[in-house]
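S.K.: Just one file: run.cif, with mmCIF, C-alpha atoms.
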data_structure
#
loop_
_atom_site.label_atom_id
_atom_site.label_comp_id
_atom_site.auth_asym_id
_atom_site.auth_seq_id
_atom_site.Cartn_x
_atom_site.Cartn_y
_atom_site.Cartn_z
CA MET A 1455 22.70 -17.52 20.69
CA SER A 1456 21.01 -18.80 17.55
CA THR A 1457 19.20 -16.58 15.10
CA ASN A 1458 15.58 -17.17 14.28
CA GLN A 1459 16.22 -20.56 12.75
CA LEU A 1460 13.70 -23.22 13.65
CA ASP A 1461 15.77 -26.35 13.00
CA ASN A 1462 13.94 -29.54 13.99
CA LYS A 1463 11.21 -27.67 15.87
CA VAL A 1464 7.65 -28.91 15.34
CA ILE A 1465 5.46 -25.87 14.75
CA LEU A 1466 1.67 -25.82 14.48
CA ILE A 1467 0.27 -23.06 12.25
CA THR A 1468 -3.48 -22.49 12.43
CA GLY A 1469 -5.35 -20.52 9.80
CA SER A 1470 -2.75 -21.87 7.41
CA LEU A 1471 -4.70 -21.30 4.20
CA GLY A 1472 -4.90 -17.54 4.71
CA ALA A 1473 -2.33 -15.15 3.24
CA LEU A 1474 -0.40 -14.95 6.52
CA GLY A 1475 -0.63 -18.67 7.26
CA LEU A 1476 0.41 -19.88 3.81
CA ALA A 1477 3.47 -17.63 3.81
CA ALA A 1478 4.34 -18.78 7.35
CA VAL A 1479 4.21 -22.46 6.41
CA GLU A 1480 6.74 -21.88 3.64
CA LEU A 1481 8.98 -19.58 5.69
CA PHE A 1482 9.11 -21.91 8.69
CA LEU A 1483 9.89 -24.90 6.47
CA GLU A 1484 12.72 -22.88 4.94
CA ARG A 1485 13.99 -22.17 8.45
CA GLY A 1486 14.23 -25.89 9.19
CA ALA A 1487 10.98 -26.52 11.08
CA ASN A 1488 8.64 -29.46 10.76
CA VAL A 1489 5.24 -27.87 10.15
CA VAL A 1490 1.71 -28.94 11.02
CA ALA A 1491 -0.55 -26.76 8.89
CA CYS A 1492 -4.16 -26.54 10.02
CA ASP A 1493 -7.23 -24.75 8.69
CA ILE A 1494 -11.00 -25.16 8.78
CA ARG A 1495 -10.95 -25.44 4.99
CA SER A 1496 -9.83 -28.36 2.87
CA ALA A 1497 -6.26 -28.39 1.57
CA ASP A 1498 -7.77 -28.82 -1.89
CA GLU A 1499 -8.66 -25.13 -1.76
CA SER A 1500 -4.97 -24.31 -2.10
CA GLY A 1501 -2.61 -26.04 -4.51
CA HIS A 1502 0.21 -24.40 -2.55
CA ILE A 1503 0.08 -27.09 0.15
CA GLY A 1504 0.83 -29.85 -2.33
CA GLN A 1505 3.67 -27.81 -3.84
CA LEU A 1506 5.26 -27.41 -0.41
CA ASN A 1507 5.11 -31.16 0.18
CA LYS A 1508 6.95 -31.74 -3.08
CA ARG A 1509 9.54 -29.08 -2.27
CA PHE A 1510 10.25 -29.96 1.37
CA GLY A 1511 9.02 -33.54 1.67
CA ALA A 1512 5.88 -34.95 3.21
CA ASP A 1513 7.88 -36.15 6.21
CA ARG A 1514 8.40 -32.52 7.30
CA HIS A 1515 4.95 -31.16 6.60
CA ILE A 1516 1.42 -32.41 7.25
CA TYR A 1517 -1.94 -30.74 6.73
CA VAL A 1518 -4.86 -31.30 9.10
CA GLN A 1519 -8.33 -29.93 8.43
CA ALA A 1520 -9.86 -28.94 11.77
CA ASP A 1521 -12.03 -26.28 13.38
CA MET A 1522 -10.18 -24.46 16.16
CA THR A 1523 -13.45 -23.60 17.94
CA LYS A 1524 -14.23 -27.28 18.54
CA GLU A 1525 -12.34 -28.91 21.36
CA ASP A 1526 -12.77 -32.46 20.09
CA GLU A 1527 -11.19 -31.48 16.77
CA ILE A 1528 -8.25 -29.86 18.56
CA GLU A 1529 -7.82 -33.05 20.60
CA ARG A 1530 -7.76 -35.03 17.35
CA LEU A 1531 -5.18 -32.59 15.98
CA SER A 1532 -3.00 -33.03 19.09
CA THR A 1533 -3.13 -36.80 18.70
CA GLN A 1534 -2.09 -36.53 15.06
CA ILE A 1535 0.84 -34.27 15.95
CA GLU A 1536 2.01 -36.74 18.59
CA THR A 1537 1.63 -39.70 16.22
CA THR A 1538 3.49 -37.97 13.37
CA PHE A 1539 6.23 -36.02 15.12
CA GLY A 1540 6.18 -37.14 18.76
CA LYS A 1541 6.35 -33.61 20.13
CA LEU A 1542 5.19 -30.00 19.75
CA ASP A 1543 7.61 -27.09 20.16
CA GLY A 1544 5.67 -24.07 18.97
CA VAL A 1545 2.33 -22.65 17.87
CA PHE A 1546 1.55 -19.77 15.54
CA HIS A 1547 -2.18 -19.20 15.97
CA ASN A 1548 -3.77 -17.25 13.11
CA ALA A 1549 -7.31 -18.64 12.95
CA PHE A 1550 -10.00 -16.00 13.43
CA THR A 1551 -13.54 -15.00 12.52
CA ASN A 1552 -14.67 -11.49 11.63
CA LYS A 1553 -18.23 -10.63 10.75
CA THR A 1554 -18.33 -6.89 10.16
CA ARG A 1555 -21.41 -4.83 10.87
CA LYS A 1556 -22.37 -1.75 12.85
CA ILE A 1557 -23.19 -2.48 16.48
CA VAL A 1558 -26.88 -1.53 16.22
CA ASN A 1559 -27.35 -3.88 13.27
CA GLN A 1560 -25.27 -6.86 14.40
CA PRO A 1561 -27.14 -10.01 15.41
CA LEU A 1562 -26.00 -11.65 18.62
CA SER A 1563 -25.07 -14.76 16.62
CA GLU A 1564 -22.50 -12.81 14.58
CA TRP A 1565 -21.01 -11.24 17.71
CA GLU A 1566 -20.70 -14.65 19.36
CA ASP A 1567 -19.30 -16.30 16.21
CA THR A 1568 -16.58 -13.64 15.99
CA LEU A 1569 -15.60 -13.96 19.65
CA ARG A 1570 -15.60 -17.73 19.45
CA GLY A 1571 -13.59 -17.91 16.24
CA THR A 1572 -11.07 -15.31 17.38
CA LEU A 1573 -10.75 -15.38 21.19
CA THR A 1574 -12.14 -18.76 22.23
CA SER A 1575 -10.06 -20.45 19.56
CA ALA A 1576 -6.93 -18.87 21.05
CA PHE A 1577 -7.88 -20.24 24.48
CA LEU A 1578 -8.53 -23.76 23.18
CA VAL A 1579 -5.36 -23.92 21.07
CA THR A 1580 -3.23 -22.59 23.94
CA LYS A 1581 -4.84 -24.99 26.43
CA HIS A 1582 -4.11 -28.10 24.40
CA ALA A 1583 -0.73 -26.96 23.13
CA ALA A 1584 0.43 -26.31 26.70
CA ARG A 1585 -0.62 -29.83 27.68
CA GLN A 1586 1.45 -31.27 24.83
CA MET A 1587 4.58 -29.09 25.00
CA ASN A 1588 7.71 -29.75 26.96
CA ALA A 1589 9.93 -27.00 28.38
CA ASN A 1590 11.18 -24.35 25.95
CA GLY A 1591 7.87 -24.25 24.11
CA SER A 1592 6.65 -21.05 22.47
CA ILE A 1593 3.12 -19.90 21.64
CA VAL A 1594 2.56 -16.90 19.37
CA LEU A 1595 -0.99 -15.53 19.11
CA THR A 1596 -1.94 -13.20 16.27
CA SER A 1597 -3.80 -10.12 17.43
CA SER A 1598 -4.48 -6.99 15.35
CA ILE A 1599 -3.88 -3.26 15.45
CA LEU A 1600 -7.68 -3.05 15.64
CA SER A 1601 -7.38 -4.11 19.28
CA ARG A 1602 -6.36 -0.50 19.94
CA VAL A 1603 -7.40 1.52 16.89
CA PRO A 1604 -11.21 1.74 16.57
CA ILE A 1605 -12.60 1.14 13.08
CA ILE A 1606 -16.35 1.14 12.49
CA GLU A 1607 -18.13 -2.18 11.90
CA ASN A 1608 -15.39 -4.09 13.74
CA SER A 1609 -16.62 -4.00 17.34
CA ALA A 1610 -16.69 -7.78 17.86
CA TYR A 1611 -13.35 -8.40 16.17
CA SER A 1612 -11.66 -5.50 17.99
CA ALA A 1613 -13.02 -6.68 21.35
CA ALA A 1614 -11.89 -10.24 20.65
CA LYS A 1615 -8.38 -9.18 19.70
CA ALA A 1616 -8.09 -6.92 22.76
CA GLY A 1617 -9.14 -9.87 24.89
CA LEU A 1618 -6.62 -12.09 23.11
CA GLU A 1619 -3.79 -9.76 24.09
CA GLN A 1620 -4.68 -9.87 27.77
CA PHE A 1621 -5.20 -13.63 27.53
CA ALA A 1622 -1.65 -13.93 26.14
CA ARG A 1623 -0.27 -12.05 29.16
CA VAL A 1624 -2.14 -14.25 31.64
CA ALA A 1625 -1.08 -17.38 29.75
CA ALA A 1626 2.54 -16.20 29.88
CA VAL A 1627 2.32 -15.91 33.66
CA GLU A 1628 0.55 -19.25 34.12
CA LEU A 1629 2.79 -21.25 31.78
CA ALA A 1630 6.14 -19.77 32.79
CA GLY A 1631 6.64 -22.55 35.34
CA GLN A 1632 6.42 -25.10 32.51
CA GLY A 1633 9.06 -23.24 30.51
CA ILE A 1634 6.51 -22.14 27.91
CA ARG A 1635 6.67 -18.61 26.52
CA VAL A 1636 3.54 -16.85 25.24
CA ASN A 1637 3.62 -13.69 23.13
CA ALA A 1638 1.33 -11.85 20.73
CA ILE A 1639 1.90 -9.93 17.54
CA ALA A 1640 -0.45 -7.21 16.28
CA PRO A 1641 -0.31 -6.79 12.49
CA GLY A 1642 -1.53 -3.72 10.71
CA ASP A 1643 -2.70 -3.73 7.11
CA PHE A 1644 -1.01 -6.42 5.04
CA LYS A 1645 -1.77 -8.17 1.78
CA ALA A 1646 -0.37 -11.07 -0.20
CA GLU A 1647 2.32 -10.09 -2.68
CA HIS A 1648 0.17 -10.76 -5.74
CA VAL A 1649 -2.57 -8.54 -4.31
CA LEU A 1650 -0.14 -5.68 -3.65
CA ALA A 1651 1.25 -6.05 -7.15
CA GLN A 1652 -2.25 -5.45 -8.53
CA ALA A 1653 -3.11 -2.52 -6.26
CA SER A 1654 -4.43 0.56 -7.98
CA GLU A 1655 -2.71 3.93 -7.72
CA GLU A 1656 -5.61 5.11 -5.57
CA GLN A 1657 -5.12 2.23 -3.12
CA GLU A 1658 -1.38 2.85 -2.97
CA ASN A 1659 -1.89 6.55 -2.32
CA ARG A 1660 -4.32 5.74 0.50
CA MET A 1661 -1.81 3.50 2.26
CA ARG A 1662 0.95 6.09 1.85
CA LYS A 1663 -1.16 8.37 4.02
CA LEU A 1664 -2.19 5.72 6.55
CA THR A 1665 1.22 4.36 7.53
CA LEU A 1666 4.64 5.79 8.33
CA ALA A 1667 6.06 3.12 6.04
CA GLY A 1668 3.93 4.50 3.24
CA ARG A 1669 2.52 1.14 2.13
CA SER A 1670 0.78 -2.05 3.14
CA GLY A 1671 2.84 -4.84 4.64
CA TYR A 1672 3.81 -8.19 3.18
CA PRO A 1673 2.86 -11.36 5.06
CA ASN A 1674 6.44 -12.36 5.73
CA GLU A 1675 7.21 -9.00 7.32
CA ILE A 1676 4.85 -10.23 10.04
CA ASN A 1677 5.95 -13.84 9.90
CA GLU A 1678 9.59 -12.89 10.49
CA VAL A 1679 8.56 -11.54 13.89
CA ALA A 1680 6.68 -14.76 14.62
CA ALA A 1681 9.72 -16.80 13.55
CA PHE A 1682 11.87 -14.84 15.98
CA LEU A 1683 9.42 -15.41 18.85
CA LEU A 1684 9.26 -19.13 18.07
CA SER A 1685 13.04 -19.45 17.92
CA ASP A 1686 15.61 -19.86 20.68
CA ALA A 1687 16.76 -16.30 19.95
CA ALA A 1688 13.66 -15.13 21.85
CA SER A 1689 14.31 -17.31 24.90
CA TYR A 1690 14.05 -14.27 27.22
CA VAL A 1691 10.86 -12.88 25.65
CA THR A 1692 7.44 -13.70 27.08
CA GLY A 1693 4.24 -11.83 27.83
CA ALA A 1694 5.07 -9.27 25.14
CA LEU A 1695 3.05 -7.66 22.36
CA TYR A 1696 4.79 -6.83 19.09
CA PRO A 1697 2.98 -4.34 16.81
CA VAL A 1698 3.93 -4.91 13.15
CA THR A 1699 2.01 -2.08 11.54
CA GLY A 1700 4.29 0.17 9.52
CA GLY A 1701 3.40 2.89 12.03
CA PHE A 1702 -0.32 2.79 11.23
CA GLU A 1703 -1.39 3.76 14.74
CA LEU A 1704 0.87 6.84 14.68
CA CYS A 1705 -0.86 8.31 11.63
CA ARG A 1706 -4.33 8.50 13.14
#
Show the structure stored in the file as structure tokens.

M.R.:
Amino acid sequence: MSTNQLDNKVILITGSLGALGLAAVELFLERGANVVACDIRSADESGHIGQLNKRFGADRHIYVQADMTKEDEIERLSTQIETTFGKLDGVFHNAFTNKTRKIVNQPLSEWEDTLRGTLTSAFLVTKHAARQMNANGSIVLTSSILSRVPIIENSAYSAAKAGLEQFARVAAVELAGQGIRVNAIAPGDFKAEHVLAQASEEQENRMRKLTLAGRSGYPNEINEVAAFLLSDAASYVTGALYPVTGGFELCR
């Protein structure tokens, strides 16, 4: 059985300009994958994308600007994946929307935007990925510990992530006959390495109290779990939820 190497697999990473997504693009390229990075923002907003192309080669990595809440843009993305790589083996879906506000003050438009950007996007990406994948495909959806731990001003986001987890289970059941596995991971608090390096003593002390690990997580501590689920090492894993929280939920 192989380890969580991703040799020659074509992996789509949505939300790829965020801290988690950027780190995942690099990690998966290091593991041997061909990566389709996708975000609603322009690649010009991150010089990191260009650096990765120079390091790994443009033939192994493409960037597509697209909105994962718009089905026509996802169809365009699918066409580009087929044209460039001829197949799709895995998806790591990170795109989300979160507009924080207390329930009594939240406009309906913000509630709907959050659900659409977080839950509907997961449905649309899964729908079109499943149409494009052959057997042995793997879809990993990013949830959040806030699906189970209530934090004020996050009602829409928490509801969307809870819905995403149940959607992942249903998708796992529906797509099993096609040989496609669907799993979800639920990160706790994590920050990019440069952000953690600049954290104040007060911030560090706060996280020591909030997690069993005594700190915030690094993006690749989450991405390593995603890499496992996308790899052949996880061939018997589907319909599962993996919390990656440093024990946050046990300190409440």

S.K.: Mind running region 1632-1682 of chain A against region 1561-1582 of chain A at 12 Å and telling me each contacting residue's nearest atom pair with the distance in Å (one decimal), counting only C-alpha atoms, chain and number ascending, as a tab-separated table?

M.R.:
residue	atom	partner	partner_atom	distance
A:Ile1634	CA	A:Thr1580	CA	10.5
A:Arg1635	CA	A:Thr1580	CA	11.0
A:Val1636	CA	A:Thr1580	CA	9.0
A:Asn1637	CA	A:Thr1580	CA	11.3
A:Ala1638	CA	A:Ala1576	CA	10.8

S.K.: If you apply the PyMOL selection byres ((chain A and resi 1541) around 10) to this file, what residues do you get, as number ranges by chain?

M.R.: A: 1463-1465, 1532, 1535-1540, 1542-1544, 1586-1588

S.K.: Between A:Ala1616, A:Ala1694, A:Ala1520, A:Ala1688, which is the closest to Val1603 (chain A) once you count only C-alpha atoms?

M.R.: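 Closest to Val1603 (chain A) of all the choices is A:Ala1616.
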
S.K.: Using all atoms listed in the file, which residue out of A:Thr1665, A:Thr1523, A:Asn1674, A:Gln1505 lies closest to Gly1475 (chain A)?

M.R.: A:Asn1674

S.K.: When the PyMOL selection byres ((chain A and resi 1619) around 9) is applied to the file above, which residues end up in the set, as a PyMOL selection string?

M.R.: chain A and resi 1595-1597+1601+1614-1618+1620-1624+1637-1640+1694-1695

S.K.: Running the PyMOL selection byres ((chain A and resi 1698) around 10) on this model by hand, what would come out? Give it as a list in words.

M.R.: Ser1598, Ile1599, Ile1639, Ala1640, Pro1641, Gly1642, Asp1643, Phe1644, Gly1671, Glu1675, Ile1676, Asn1677, Val1679, Leu1695, Tyr1696, Pro1697, Thr1699, Gly1700, Gly1701 and Phe1702 of chain A

S.K.: Smallest atom-to-atom distance to Lys1524 (chain A): which of A:Ala1512, A:Ala1687, A:Ile1494, A:Ala1487, using all atoms listed in the file?

M.R.: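 Once distances to Lys1524 (chain A) are computed over all atoms listed in the file, the minimum belongs to A:Ile1494.
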
S.K.: Which distance in Å separates CA of Val1479 (chain A) and CA of Val1545 (chain A), to one decimal?

M.R.: 11.6 Å

S.K.: What does the distance between CA of Glu1499 (chain A) and CA of Leu1466 (chain A) come to in Å, to one decimal place?

M.R.: 19.3 Å

S.K.: Report, in Å to a single decimal, how far apart CA of Glu1678 (chain A) and CA of Leu1600 (chain A) are.

M.R.: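 Interatomic distance here is 20.5 Å.
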
S.K.: Point out the residue among A:Val1627, A:Leu1481, A:Ile1503, A:Ile1516 with the least atom-to-atom distance to Phe1682 (chain A), counting only C-alpha atoms.

M.R.: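 Nearest candidate to Phe1682 (chain A) out of A:Val1627, A:Leu1481, A:Ile1503, A:Ile1516: A:Leu1481.
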
S.K.: Box for region 1456-1470 of chain A: with edges along x, y and z, all listed atoms inside and 6 Å added on each side, what are the centre and edge lengths in Å to one decimal, as JSON?

M.R.:
{"center_x": 7.8, "center_y": -23.1, "center_z": 12.5, "size_x": 38.4, "size_y": 25.0, "size_z": 22.1}

S.K.: Show which residues sit within 7 Å of Ser1609 (chain A), as a VMD selection string. Count all atoms listed in the file, and ignore same-chain residues fewer than 3 positions away.

M.R.: chain A and resid 1557 1612 to 1613

S.K.: Please, could you write that set of residues out with C-alpha atoms as a PDB file, keeping the file's coordinate frame?

M.R.:
ATOM      1  CA  ILE A1557     -23.190  -2.480  16.480  1.00  0.00           C
ATOM      2  CA  SER A1612     -11.660  -5.500  17.990  1.00  0.00           C
ATOM      3  CA  ALA A1613     -13.020  -6.680  21.350  1.00  0.00           C
TER       4      ALA A1613
END

S.K.: With only C-alpha atoms as the atoms that count, which of A:Gln1632, A:Ile1605, A:Ser1685, A:Glu1658 lies nearest to Thr1554 (chain A)?

M.R.: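 Selected residue with least distance to Thr1554 (chain A): A:Ile1605.
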
S.K.: Pick the closest to Asp1461 (chain A) from A:Ser1592, A:Val1691, A:Leu1684, A:Glu1703: which is it, counting only C-alpha atoms?

M.R.: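 Closest candidate: A:Leu1684.
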